[in-house]
Amino acid sequence: MPTLSVFTDVPLAHKLEGSLLKAYRQDGHRNKTFLAYKVCMTNEGHPWVSLVVHKTRLQISGDPSLDYEYLPTVGMKSFIEASLELLFGKHSEAIKENRVGGVHTVGDSGAFQLGVQFLRTWCKHANVAYVISSQKEPHGLVFQDLGFKVYEYSIWDPEKLFMDPNVFLNVVEQIPRGCVLVIGNIMDCKFSHHQWEKCMALLKSKQIFPFFDIPCQGLHTGDLEEDTRILQYFVARGFEFFCSQSLSKNFGIYDEGVGTLVVVALNNQHLLRVLSQLKRFARALWLNPPTTGARIITSVLCNPALLGEWKQSLKAVAENIMLTKERVKEKLRLLGVPGSWDHITEHNGTHGYLGLNAQQVEFLVKKKHIYLPRNGRINFTCINASNIDYITQSISEAVFLTKNPKNYYLEEKPCVE
């Protein structure tokens with residue numbers, strides 16, 4: 001009699017990602033291009049790493065005084081302190097009042113795993129989460145897996161081609177009392193002072209618990225303080241909240257995912273209680289966080305010379321991204337592509353929407369071997385001097401040919417060297 005496997009009834013999980021990259025790698029076309037990398041890329045097409053990271057990694061590897069003992073469950077104290085100062089500023093009143101703390105977390109989603117575990121256990125009335133950002137976020141899956149009912153909203157308007165602040169305002173108005181509000185990348189929304197005041201008042205009156213995501217501070221505008229300004233609004237108005245702070249992308253240590261779950265409380269007594277419970281959950285999730293990435297980041301943040309060099313590298317990357325966007329927009333204008341392409345340069349950060357519809361994206365993937373997500377949101381650092389002409393020419397063809405369905409299915413013309 002054959003042995004029955006205990007895994008017989010386990011189905012294959014729905015593939016979340018990877019099929020686009022797999023298709024790209026299997027494509028033999030000489031002009032194939034991949035525009036959906038998560039990481040920041042260099043002009044040479046390699047993952048970007050801040051030069052100070054290379055320098056610091058060598059120094060650490062040659063330091064005989066370092067031991068390789070397990071870290072405490074909450075993580076490296078100096079790393080947490082440096083991370084909090086980076087997030088809130090050196091002269092933050094909240095830090096001085098000892099009502100801000102954190103736990104050293106693992107990977108980009110570790111802070112959410114830890115934070116949601118806490119909320120599920122100690123905030124049992126908060127069983128609904130609203131997620132709002134400029135794109136689909138993975139955080140909703142973490143909440144769903146832990147029993148939350150999740151509603152997700154994007155502030156990107158594909159018809160009007162802009163980040164619509166009214167989406168955020170409408171969510172704040174309709175969100176029920178006592179829910180969790182996950183706030184992702186909404187920095188490109190242009191809120192007036194009155195709109196912000198209205199939002200704050202509504203969130204306060206409904207006792208909404210904010211959970212922020214800061215995945216790449218400094219790579220959005222090139223200004224570390226500007227990229228976290230939204231947090232200052234909430235701290236100044238006395239909110240308690242969690243924040244997932246990832247420090248992998250802005251240092252370029254993607255393979256050593258490291259971050260912090262940041263806690264802002266009303267006072268030190270409440271903070272210590274929360275941190276004690278988070279320590280308990282962290283012990284069950286990963287017991288001890290890894291050290292290498294945290295050591296690199298701490299060494300940079302605590303050394304004025306290295307910190308200055310790192311800030312300059314972030315500013316250079318942000319400026320290069322905006323220059324690339326300007327070039328893409330200008331080339332599309334010179335090619336006579338109809339419509340406005342101003343939205344490309346109106347938004348900051350490595351990723352942004354091209355403003356193409358599903359048919360145009362399909363044309364680029366199937367006919368031009370340019371791989372991008374169906375929503376047309378690309379990584380602009382994947383565009384460089386060697387592929388910008390091919391990409392913009394292909395976008396031009398996509399727009400013109402999809403306007404005439406008869407031309408859409410024309411055979412692909414051979415590329416001329």
# chains A, B, ... in the order shown; residues from 1 in each chain; ligands from 1

$ select_by_dssp --residues "stretch 137-294 of chain A" --states "alpha helix (DSSP H)" --output "PyMOL selection string"
chain A and resi 139-145+165-174+193-205+229-236+268-285+292-294

$ select_by_dssp --residues "stretch 121-216 of chain A" --states "strand (DSSP E)" --output "ChimeraX atom specification"
/A:128-133,149-154,156-157,162-163,180-183,209-214

$ write_last_selection --atoms "N, CA and C atoms" --output "PDB file, in the first residue's frame"
ATOM      1  N   VAL A 128      -9.359  45.598  11.508  1.00  0.00           N
ATOM      2  CA  VAL A 128      -9.498  46.051  10.121  1.00  0.00           C
ATOM      3  C   VAL A 128      -8.342  46.988   9.802  1.00  0.00           C
ATOM      4  N   ALA A 129      -7.708  46.767   8.647  1.00  0.00           N
ATOM      5  CA  ALA A 129      -6.582  47.614   8.229  1.00  0.00           C
ATOM      6  C   ALA A 129      -6.857  48.229   6.867  1.00  0.00           C
ATOM      7  N   TYR A 130      -6.638  49.520   6.768  1.00  0.00           N
ATOM      8  CA  TYR A 130      -6.726  50.237   5.495  1.00  0.00           C
ATOM      9  C   TYR A 130      -5.305  50.545   5.056  1.00  0.00           C
ATOM     10  N   VAL A 131      -4.962  50.162   3.826  1.00  0.00           N
ATOM     11  CA  VAL A 131      -3.616  50.378   3.292  1.00  0.00           C
ATOM     12  C   VAL A 131      -3.708  51.381   2.158  1.00  0.00           C
ATOM     13  N   ILE A 132      -2.969  52.468   2.264  1.00  0.00           N
ATOM     14  CA  ILE A 132      -3.007  53.477   1.206  1.00  0.00           C
ATOM     15  C   ILE A 132      -1.588  53.851   0.794  1.00  0.00           C
ATOM     16  N   SER A 133      -1.331  53.856  -0.513  1.00  0.00           N
ATOM     17  CA  SER A 133      -0.002  54.162  -1.031  1.00  0.00           C
ATOM     18  C   SER A 133      -0.136  54.552  -2.493  1.00  0.00           C
ATOM     19  N   LYS A 149      -9.089  42.114   8.321  1.00  0.00           N
ATOM     20  CA  LYS A 149      -9.787  42.417   7.074  1.00  0.00           C
ATOM     21  C   LYS A 149      -9.092  43.627   6.470  1.00  0.00           C
ATOM     22  N   VAL A 150      -8.712  43.539   5.196  1.00  0.00           N
ATOM     23  CA  VAL A 150      -7.845  44.562   4.597  1.00  0.00           C
ATOM     24  C   VAL A 150      -8.543  45.254   3.427  1.00  0.00           C
ATOM     25  N   TYR A 151      -8.441  46.577   3.408  1.00  0.00           N
ATOM     26  CA  TYR A 151      -8.915  47.389   2.285  1.00  0.00           C
ATOM     27  C   TYR A 151      -7.716  48.166   1.764  1.00  0.00           C
ATOM     28  N   GLU A 152      -7.483  48.110   0.440  1.00  0.00           N
ATOM     29  CA  GLU A 152      -6.302  48.747  -0.142  1.00  0.00           C
ATOM     30  C   GLU A 152      -6.710  49.817  -1.158  1.00  0.00           C
ATOM     31  N   TYR A 153      -5.985  50.936  -1.120  1.00  0.00           N
ATOM     32  CA  TYR A 153      -6.271  52.063  -1.998  1.00  0.00           C
ATOM     33  C   TYR A 153      -4.975  52.612  -2.582  1.00  0.00           C
ATOM     34  N   SER A 154      -5.044  53.029  -3.838  1.00  0.00           N
ATOM     35  CA  SER A 154      -3.901  53.681  -4.470  1.00  0.00           C
ATOM     36  C   SER A 154      -4.244  55.134  -4.757  1.00  0.00           C
ATOM     37  N   TRP A 156      -2.722  56.889  -6.944  1.00  0.00           N
ATOM     38  CA  TRP A 156      -2.441  57.169  -8.346  1.00  0.00           C
ATOM     39  C   TRP A 156      -3.730  57.119  -9.151  1.00  0.00           C
ATOM     40  N   ASP A 157      -4.016  58.187  -9.908  1.00  0.00           N
ATOM     41  CA  ASP A 157      -5.178  58.252 -10.795  1.00  0.00           C
ATOM     42  C   ASP A 157      -4.703  58.001 -12.219  1.00  0.00           C
ATOM     43  N   PHE A 162      -2.062  61.619 -12.114  1.00  0.00           N
ATOM     44  CA  PHE A 162      -1.468  62.341 -10.991  1.00  0.00           C
ATOM     45  C   PHE A 162      -1.806  61.636  -9.686  1.00  0.00           C
ATOM     46  N   MET A 163      -1.055  61.981  -8.627  1.00  0.00           N
ATOM     47  CA  MET A 163      -1.315  61.446  -7.302  1.00  0.00           C
ATOM     48  C   MET A 163      -2.421  62.286  -6.664  1.00  0.00           C
ATOM     49  N   VAL A 180      -6.688  50.320  11.845  1.00  0.00           N
ATOM     50  CA  VAL A 180      -5.277  50.598  11.560  1.00  0.00           C
ATOM     51  C   VAL A 180      -5.198  51.222  10.175  1.00  0.00           C
ATOM     52  N   LEU A 181      -4.435  52.292  10.038  1.00  0.00           N
ATOM     53  CA  LEU A 181      -4.230  52.933   8.739  1.00  0.00           C
ATOM     54  C   LEU A 181      -2.761  52.819   8.357  1.00  0.00           C
ATOM     55  N   VAL A 182      -2.474  51.979   7.363  1.00  0.00           N
ATOM     56  CA  VAL A 182      -1.103  51.808   6.875  1.00  0.00           C
ATOM     57  C   VAL A 182      -0.845  52.872   5.814  1.00  0.00           C
ATOM     58  N   ILE A 183       0.137  53.716   6.064  1.00  0.00           N
ATOM     59  CA  ILE A 183       0.429  54.837   5.161  1.00  0.00           C
ATOM     60  C   ILE A 183       1.758  54.570   4.467  1.00  0.00           C
ATOM     61  N   PHE A 209      -5.134  54.143  14.340  1.00  0.00           N
ATOM     62  CA  PHE A 209      -3.724  53.895  14.652  1.00  0.00           C
ATOM     63  C   PHE A 209      -2.910  53.891  13.362  1.00  0.00           C
ATOM     64  N   PRO A 210      -2.018  54.876  13.145  1.00  0.00           N
ATOM     65  CA  PRO A 210      -1.214  54.918  11.923  1.00  0.00           C
ATOM     66  C   PRO A 210      -0.033  53.933  11.989  1.00  0.00           C
ATOM     67  N   PHE A 211       0.235  53.322  10.848  1.00  0.00           N
ATOM     68  CA  PHE A 211       1.401  52.430  10.710  1.00  0.00           C
ATOM     69  C   PHE A 211       2.106  52.864   9.425  1.00  0.00           C
ATOM     70  N   PHE A 212       3.230  53.574   9.568  1.00  0.00           N
ATOM     71  CA  PHE A 212       3.924  54.140   8.408  1.00  0.00           C
ATOM     72  C   PHE A 212       4.925  53.157   7.814  1.00  0.00           C
ATOM     73  N   ASP A 213       5.206  53.374   6.540  1.00  0.00           N
ATOM     74  CA  ASP A 213       6.255  52.618   5.853  1.00  0.00           C
ATOM     75  C   ASP A 213       7.244  53.607   5.252  1.00  0.00           C
ATOM     76  N   ILE A 214       8.485  53.581   5.721  1.00  0.00           N
ATOM     77  CA  ILE A 214       9.558  54.428   5.173  1.00  0.00           C
ATOM     78  C   ILE A 214      10.617  53.476   4.610  1.00  0.00           C
TER      79      ILE A 214
END

$ residues_around --residues "A:Asn379" --least-positions-apart "6" --cutoff "7 Å" --atoms "only C-alpha atoms" --output "ChimeraX atom specification"
/A:35-37,350-352

$ atom_distance --atom1 "atom CA of A:Asn384" --atom2 "atom CA of A:Arg333"
18.1 Å

$ closest_residue --among "A:Val274, A:Leu266, A:Leu203, A:Ala282" --to "A:Gln113" --atoms "only C-alpha atoms"
A:Ala282

$ residues_around --residues "A:Thr228" --least-positions-apart "6" --cutoff "8 Å" --atoms "only C-alpha atoms" --output "MDAnalysis selection string"
chainID A and resid 87:88 214 217

$ write_last_selection --atoms "C-alpha atoms" --output "compact mmCIF listing (two decimals), in the first residue's frame"
# COMPACT_ATOMS: atom_id res chain seq x y z
CA LEU A 87 14.26 59.22 11.08
CA PHE A 88 13.28 62.01 13.47
CA ILE A 214 9.56 54.43 5.17
CA GLN A 217 14.63 57.53 3.14

$ residues_around --residues "A:Ala398" --least-positions-apart "3" --cutoff "10 Å" --atoms "only C-alpha atoms" --output "number ranges by chain"
A: 337, 356-357, 359-364, 367-368, 392-395, 401-403, 408

$ write_last_selection --atoms "C-alpha atoms" --output "short mmCIF file (atom, residue, chain, number, x, y, z; two decimals), in the first residue's frame"
data_model
loop_
_atom_site.label_atom_id
_atom_site.label_comp_id
_atom_site.auth_asym_id
_atom_site.auth_seq_id
_atom_site.Cartn_x
_atom_site.Cartn_y
_atom_site.Cartn_z
CA VAL A 337 3.98 61.37 -28.85
CA LEU A 356 0.33 53.76 -20.31
CA ASN A 357 -2.78 51.63 -20.59
CA GLN A 359 -2.82 47.48 -24.29
CA GLN A 360 0.23 49.70 -24.60
CA VAL A 361 2.07 47.78 -21.87
CA GLU A 362 1.22 44.52 -23.62
CA PHE A 363 2.65 45.89 -26.86
CA LEU A 364 5.91 46.84 -25.16
CA LYS A 367 6.46 43.24 -29.44
CA LYS A 368 9.37 45.28 -28.12
CA THR A 392 11.27 56.02 -25.83
CA GLN A 393 10.95 55.00 -29.49
CA SER A 394 9.09 51.88 -28.39
CA ILE A 395 6.75 53.90 -26.16
CA LEU A 401 -0.09 51.74 -32.95
CA THR A 402 -2.56 51.01 -30.17
CA LYS A 403 -4.59 54.00 -31.30
CA TYR A 408 -1.40 46.64 -33.34
#

$ residues_around --residues "A:Asn43" --least-positions-apart "5" --cutoff "10 Å" --atoms "only C-alpha atoms" --output "list in words"
Trp48, Asn320, Thr381, Cys382, Ile383, Asn384, Ala385 and Ser386 of chain A

$ write_last_selection --atoms "C-alpha atoms" --output "JSON list (two decimals), in the first residue's frame"
[["chain", "number", "residue", "atom", "x", "y", "z"],
["A", 48, "TRP", "CA", 23.60, 50.55, -6.82],
["A", 320, "ASN", "CA", 20.33, 61.45, -11.64],
["A", 381, "THR", "CA", 17.05, 53.83, -12.70],
["A", 382, "CYS", "CA", 16.80, 50.94, -15.20],
["A", 383, "ILE", "CA", 16.89, 53.54, -17.99],
["A", 384, "ASN", "CA", 20.36, 54.62, -19.07],
["A", 385, "ALA", "CA", 22.26, 56.03, -22.06],
["A", 386, "SER", "CA", 22.42, 52.66, -23.79]]
